[in-house]
Amino acid sequence: MIARSLRLRDPREFQRVRKRGRSWTTPYLVLVSRPNGLDHNRYGFAVGRRVGNAVARNKVKRWMREAIRPRHPALKQGFDIILIARGRMASPSVGFSNVDESVGILAEQAGLVPDADQVAE
């Protein structure tokens with residue numbers, strides 16, 4: 001579980017990141033990030049009604065949180081990050097592995113994964 005202090009919950013914070021942040025996409029997810037001036041990342045998760053009923057949306061949110069949780073310590077810190085589920089998540093063939101893979105791809109595209117040189121230092 002991601003600690004409460006690491007979550008974006010205020011709608012104004014979501015709007016600020018969405019308007020002023022930079023975004024990257026995969027067929028299943030959108031990642032939007034923006035520097036936050038803090039020494040840690042904060043995460044927000046959004047799943048629209050296109051994904052399905054409340055049960056399906058909550059399941060997708062759990063998948064997104066679980067895909068971020070083990071990656072959090074290894075990511076560059078100091079960003080507000082929002083993950084947004086796209087409509088394709090409604091497909092019955094989509095599972096956690098798709099979400100996990102998409103989060104990894106998006107983190108690399110966004111430059112949130114430190115280079116091997118930076119890790120060795």
# chains A, B, ... in the order shown; residues from 1 in each chain; ligands from 1
>>> residues_around(residues="Trp24 (chain A)", least_positions_apart="2", cutoff="10 Å", atoms="only C-alpha atoms", output="ChimeraX atom specification")
/A:22,26,29-33,83,105-107,109-110
>>> write_last_selection(atoms="N, CA and C atoms", output="compact mmCIF listing (two decimals), in the first residue's frame")
# COMPACT_ATOMS: atom_id res chain seq x y z
N ARG A 22 3.80 17.10 -17.94
CA ARG A 22 4.07 16.49 -19.24
C ARG A 22 3.51 15.08 -19.22
N THR A 26 0.59 4.88 -23.21
CA THR A 26 0.62 3.54 -23.77
C THR A 26 -0.83 3.22 -24.11
N LEU A 29 -2.52 3.06 -20.39
CA LEU A 29 -2.37 4.08 -19.36
C LEU A 29 -1.79 5.37 -19.91
N VAL A 30 -2.03 6.45 -19.18
CA VAL A 30 -1.39 7.74 -19.41
C VAL A 30 -0.66 8.09 -18.12
N LEU A 31 0.57 8.55 -18.23
CA LEU A 31 1.32 9.03 -17.08
C LEU A 31 1.57 10.51 -17.28
N VAL A 32 1.23 11.31 -16.27
CA VAL A 32 1.48 12.75 -16.29
C VAL A 32 2.36 13.06 -15.10
N SER A 33 3.46 13.78 -15.32
CA SER A 33 4.34 14.10 -14.19
C SER A 33 4.72 15.57 -14.24
N LEU A 83 -1.39 8.58 -12.77
CA LEU A 83 -1.65 7.50 -13.71
C LEU A 83 -3.13 7.52 -14.03
N ILE A 105 7.14 0.91 -18.69
CA ILE A 105 7.45 1.61 -19.94
C ILE A 105 7.29 3.12 -19.75
N LEU A 106 6.19 3.53 -19.13
CA LEU A 106 5.93 4.96 -18.93
C LEU A 106 6.95 5.60 -18.01
N ALA A 107 7.37 4.90 -16.97
CA ALA A 107 8.38 5.45 -16.05
C ALA A 107 9.70 5.69 -16.79
N GLN A 109 10.01 6.18 -20.14
CA GLN A 109 9.78 7.26 -21.10
C GLN A 109 9.82 8.63 -20.41
N ALA A 110 9.27 8.69 -19.21
CA ALA A 110 9.20 9.96 -18.48
C ALA A 110 10.53 10.34 -17.83
>>> select_by_dssp(residues="chain A", states="alpha helix (DSSP H)", output="PyMOL selection string")
chain A and resi 11-20+54-68+96-109+116-120
>>> write_last_selection(atoms="C-alpha atoms", output="PDB file, in the first residue's frame")
ATOM      1  CA  PRO A  11      -8.681  17.875  -7.026  1.00  0.00           C
ATOM      2  CA  ARG A  12      -6.727  21.146  -7.379  1.00  0.00           C
ATOM      3  CA  GLU A  13      -3.441  19.209  -7.202  1.00  0.00           C
ATOM      4  CA  PHE A  14      -4.690  16.838  -9.911  1.00  0.00           C
ATOM      5  CA  GLN A  15      -5.651  19.798 -12.110  1.00  0.00           C
ATOM      6  CA  ARG A  16      -2.290  21.490 -11.584  1.00  0.00           C
ATOM      7  CA  VAL A  17      -0.398  18.364 -12.634  1.00  0.00           C
ATOM      8  CA  ARG A  18      -2.713  17.741 -15.616  1.00  0.00           C
ATOM      9  CA  LYS A  19      -2.428  21.343 -16.895  1.00  0.00           C
ATOM     10  CA  ARG A  20       1.247  22.019 -16.262  1.00  0.00           C
ATOM     11  CA  ALA A  54     -17.305   0.710  -9.769  1.00  0.00           C
ATOM     12  CA  VAL A  55     -15.985  -2.797  -9.127  1.00  0.00           C
ATOM     13  CA  ALA A  56     -13.924  -2.768 -12.340  1.00  0.00           C
ATOM     14  CA  ARG A  57     -12.638   0.768 -11.719  1.00  0.00           C
ATOM     15  CA  ASN A  58     -11.532  -0.069  -8.190  1.00  0.00           C
ATOM     16  CA  LYS A  59      -9.773  -3.202  -9.421  1.00  0.00           C
ATOM     17  CA  VAL A  60      -7.851  -1.156 -12.001  1.00  0.00           C
ATOM     18  CA  LYS A  61      -6.873   1.394  -9.323  1.00  0.00           C
ATOM     19  CA  ARG A  62      -5.555  -1.423  -7.128  1.00  0.00           C
ATOM     20  CA  TRP A  63      -3.537  -2.733 -10.079  1.00  0.00           C
ATOM     21  CA  MET A  64      -2.050   0.720 -10.731  1.00  0.00           C
ATOM     22  CA  ARG A  65      -1.145   1.222  -7.059  1.00  0.00           C
ATOM     23  CA  GLU A  66       0.442  -2.227  -6.899  1.00  0.00           C
ATOM     24  CA  ALA A  67       2.450  -1.558 -10.076  1.00  0.00           C
ATOM     25  CA  ILE A  68       3.864   1.657  -8.554  1.00  0.00           C
ATOM     26  CA  PHE A  96      -2.321  -6.851 -13.992  1.00  0.00           C
ATOM     27  CA  SER A  97       0.599  -7.842 -16.211  1.00  0.00           C
ATOM     28  CA  ASN A  98      -0.522  -5.307 -18.840  1.00  0.00           C
ATOM     29  CA  VAL A  99      -0.741  -2.567 -16.228  1.00  0.00           C
ATOM     30  CA  ASP A 100       2.616  -3.474 -14.675  1.00  0.00           C
ATOM     31  CA  GLU A 101       4.345  -3.504 -18.052  1.00  0.00           C
ATOM     32  CA  SER A 102       2.762  -0.180 -19.029  1.00  0.00           C
ATOM     33  CA  VAL A 103       3.865   1.484 -15.783  1.00  0.00           C
ATOM     34  CA  GLY A 104       7.445   0.320 -16.369  1.00  0.00           C
ATOM     35  CA  ILE A 105       7.449   1.613 -19.938  1.00  0.00           C
ATOM     36  CA  LEU A 106       5.926   4.956 -18.932  1.00  0.00           C
ATOM     37  CA  ALA A 107       8.383   5.454 -16.049  1.00  0.00           C
ATOM     38  CA  GLU A 108      11.284   4.961 -18.452  1.00  0.00           C
ATOM     39  CA  GLN A 109       9.775   7.263 -21.099  1.00  0.00           C
ATOM     40  CA  ALA A 116      22.690   2.849 -14.326  1.00  0.00           C
ATOM     41  CA  ASP A 117      25.500   5.420 -13.868  1.00  0.00           C
ATOM     42  CA  GLN A 118      23.449   7.375 -11.312  1.00  0.00           C
ATOM     43  CA  VAL A 119      22.548   4.221  -9.368  1.00  0.00           C
ATOM     44  CA  ALA A 120      26.215   3.161  -9.094  1.00  0.00           C
TER      45      ALA A 120
END
>>> select_by_dssp(residues="chain A", states="strand (DSSP E)", output="PyMOL selection string")
chain A and resi 22-25+29-35+42-47+79-85
>>> write_last_selection(atoms="C-alpha atoms", output="PDB file, in the first residue's frame")
ATOM      1  CA  ARG A  22       4.069  16.489 -19.243  1.00  0.00           C
ATOM      2  CA  SER A  23       2.351  13.289 -20.368  1.00  0.00           C
ATOM      3  CA  TRP A  24       3.288   9.953 -21.908  1.00  0.00           C
ATOM      4  CA  THR A  25       0.931   7.242 -23.115  1.00  0.00           C
ATOM      5  CA  LEU A  29      -2.368   4.084 -19.360  1.00  0.00           C
ATOM      6  CA  VAL A  30      -1.391   7.741 -19.412  1.00  0.00           C
ATOM      7  CA  LEU A  31       1.323   9.026 -17.078  1.00  0.00           C
ATOM      8  CA  VAL A  32       1.478  12.750 -16.292  1.00  0.00           C
ATOM      9  CA  SER A  33       4.340  14.104 -14.194  1.00  0.00           C
ATOM     10  CA  ARG A  34       5.449  17.462 -12.898  1.00  0.00           C
ATOM     11  CA  PRO A  35       8.224  18.434 -10.457  1.00  0.00           C
ATOM     12  CA  ARG A  42       3.339  11.892  -4.767  1.00  0.00           C
ATOM     13  CA  TYR A  43       0.988   9.695  -6.780  1.00  0.00           C
ATOM     14  CA  GLY A  44      -2.549  10.063  -8.055  1.00  0.00           C
ATOM     15  CA  PHE A  45      -4.707   7.476  -9.796  1.00  0.00           C
ATOM     16  CA  ALA A  46      -7.683   8.161 -12.043  1.00  0.00           C
ATOM     17  CA  VAL A  47     -10.042   5.691 -13.677  1.00  0.00           C
ATOM     18  CA  PHE A  79       7.619  14.577  -8.821  1.00  0.00           C
ATOM     19  CA  ASP A  80       3.848  14.554  -8.722  1.00  0.00           C
ATOM     20  CA  ILE A  81       2.774  11.599 -10.870  1.00  0.00           C
ATOM     21  CA  ILE A  82      -0.727  10.791 -12.072  1.00  0.00           C
ATOM     22  CA  LEU A  83      -1.648   7.503 -13.715  1.00  0.00           C
ATOM     23  CA  ILE A  84      -4.824   7.585 -15.785  1.00  0.00           C
ATOM     24  CA  ALA A  85      -6.477   4.409 -17.060  1.00  0.00           C
TER      25      ALA A  85
END
>>> residues_around(residues="Arg88 (chain A)", least_positions_apart="6", cutoff="9 Å", atoms="only C-alpha atoms", output="ChimeraX atom specification")
/A:27-29,50-51,94
>>> write_last_selection(atoms="C-alpha atoms", output="CSV table (one decimal), in the first residue's frame")
chain,number,residue,atom,x,y,z
A,27,PRO,CA,-2.5,1.8,-25.0
A,28,TYR,CA,-3.6,1.2,-21.5
A,29,LEU,CA,-2.4,4.1,-19.4
A,50,ARG,CA,-15.2,4.1,-19.7
A,51,VAL,CA,-13.4,1.4,-17.8
A,94,VAL,CA,-6.5,-7.0,-19.8
>>> atom_distance(atom1="CA of His40 (chain A)", atom2="CA of His72 (chain A)")
9.4 Å
>>> residues_around(residues="Leu75 (chain A)", least_positions_apart="3", cutoff="7 Å", atoms="only C-alpha atoms", output="MDAnalysis selection string")
chainID A and resid 71:72 112:114
>>> decode(residues="region 76-95 of chain A", atoms="N, CA and C atoms", output="PDB file, in the first residue's frame")
ATOM      1  N   LYS A  76      13.192   8.291  -9.547  1.00  0.00           N
ATOM      2  CA  LYS A  76      13.675   9.615  -9.174  1.00  0.00           C
ATOM      3  C   LYS A  76      12.598  10.279  -8.337  1.00  0.00           C
ATOM      4  N   GLN A  77      13.023  10.984  -7.316  1.00  0.00           N
ATOM      5  CA  GLN A  77      12.084  11.602  -6.386  1.00  0.00           C
ATOM      6  C   GLN A  77      11.896  13.083  -6.702  1.00  0.00           C
ATOM      7  N   GLY A  78      10.800  13.639  -6.204  1.00  0.00           N
ATOM      8  CA  GLY A  78      10.530  15.062  -6.394  1.00  0.00           C
ATOM      9  C   GLY A  78       9.518  15.353  -7.483  1.00  0.00           C
ATOM     10  N   PHE A  79       8.619  14.405  -7.758  1.00  0.00           N
ATOM     11  CA  PHE A  79       7.619  14.577  -8.821  1.00  0.00           C
ATOM     12  C   PHE A  79       6.226  14.257  -8.312  1.00  0.00           C
ATOM     13  N   ASP A  80       5.239  14.949  -8.869  1.00  0.00           N
ATOM     14  CA  ASP A  80       3.848  14.554  -8.722  1.00  0.00           C
ATOM     15  C   ASP A  80       3.531  13.731  -9.957  1.00  0.00           C
ATOM     16  N   ILE A  81       3.015  12.539  -9.769  1.00  0.00           N
ATOM     17  CA  ILE A  81       2.774  11.599 -10.870  1.00  0.00           C
ATOM     18  C   ILE A  81       1.321  11.149 -10.826  1.00  0.00           C
ATOM     19  N   ILE A  82       0.647  11.269 -11.964  1.00  0.00           N
ATOM     20  CA  ILE A  82      -0.727  10.791 -12.072  1.00  0.00           C
ATOM     21  C   ILE A  82      -0.763   9.682 -13.114  1.00  0.00           C
ATOM     22  N   LEU A  83      -1.387   8.579 -12.767  1.00  0.00           N
ATOM     23  CA  LEU A  83      -1.648   7.503 -13.715  1.00  0.00           C
ATOM     24  C   LEU A  83      -3.134   7.519 -14.035  1.00  0.00           C
ATOM     25  N   ILE A  84      -3.444   7.541 -15.326  1.00  0.00           N
ATOM     26  CA  ILE A  84      -4.824   7.585 -15.785  1.00  0.00           C
ATOM     27  C   ILE A  84      -5.090   6.359 -16.640  1.00  0.00           C
ATOM     28  N   ALA A  85      -6.112   5.598 -16.290  1.00  0.00           N
ATOM     29  CA  ALA A  85      -6.477   4.409 -17.060  1.00  0.00           C
ATOM     30  C   ALA A  85      -7.212   4.849 -18.328  1.00  0.00           C
ATOM     31  N   ARG A  86      -6.874   4.225 -19.440  1.00  0.00           N
ATOM     32  CA  ARG A  86      -7.550   4.515 -20.699  1.00  0.00           C
ATOM     33  C   ARG A  86      -8.682   3.510 -20.920  1.00  0.00           C
ATOM     34  N   GLY A  87      -9.531   3.803 -21.891  1.00  0.00           N
ATOM     35  CA  GLY A  87     -10.704   2.985 -22.155  1.00  0.00           C
ATOM     36  C   GLY A  87     -10.410   1.531 -22.476  1.00  0.00           C
ATOM     37  N   ARG A  88      -9.243   1.258 -23.024  1.00  0.00           N
ATOM     38  CA  ARG A  88      -8.897  -0.130 -23.365  1.00  0.00           C
ATOM     39  C   ARG A  88      -8.799  -1.036 -22.143  1.00  0.00           C
ATOM     40  N   MET A  89      -8.702  -0.439 -20.974  1.00  0.00           N
ATOM     41  CA  MET A  89      -8.630  -1.244 -19.752  1.00  0.00           C
ATOM     42  C   MET A  89      -9.933  -2.013 -19.527  1.00  0.00           C
ATOM     43  N   ALA A  90     -10.993  -1.624 -20.208  1.00  0.00           N
ATOM     44  CA  ALA A  90     -12.297  -2.289 -20.041  1.00  0.00           C
ATOM     45  C   ALA A  90     -12.316  -3.676 -20.673  1.00  0.00           C
ATOM     46  N   SER A  91     -11.359  -3.958 -21.535  1.00  0.00           N
ATOM     47  CA  SER A  91     -11.326  -5.253 -22.206  1.00  0.00           C
ATOM     48  C   SER A  91     -11.104  -6.376 -21.193  1.00  0.00           C
ATOM     49  N   PRO A  92     -11.857  -7.470 -21.320  1.00  0.00           N
ATOM     50  CA  PRO A  92     -11.690  -8.582 -20.367  1.00  0.00           C
ATOM     51  C   PRO A  92     -10.331  -9.265 -20.463  1.00  0.00           C
ATOM     52  N   SER A  93      -9.623  -9.060 -21.563  1.00  0.00           N
ATOM     53  CA  SER A  93      -8.320  -9.712 -21.724  1.00  0.00           C
ATOM     54  C   SER A  93      -7.193  -8.944 -21.026  1.00  0.00           C
ATOM     55  N   VAL A  94      -7.481  -7.768 -20.492  1.00  0.00           N
ATOM     56  CA  VAL A  94      -6.469  -6.960 -19.821  1.00  0.00           C
ATOM     57  C   VAL A  94      -6.338  -7.421 -18.375  1.00  0.00           C
ATOM     58  N   GLY A  95      -5.088  -7.573 -17.937  1.00  0.00           N
ATOM     59  CA  GLY A  95      -4.829  -8.007 -16.562  1.00  0.00           C
ATOM     60  C   GLY A  95      -3.737  -7.182 -15.916  1.00  0.00           C
TER      61      GLY A  95
END
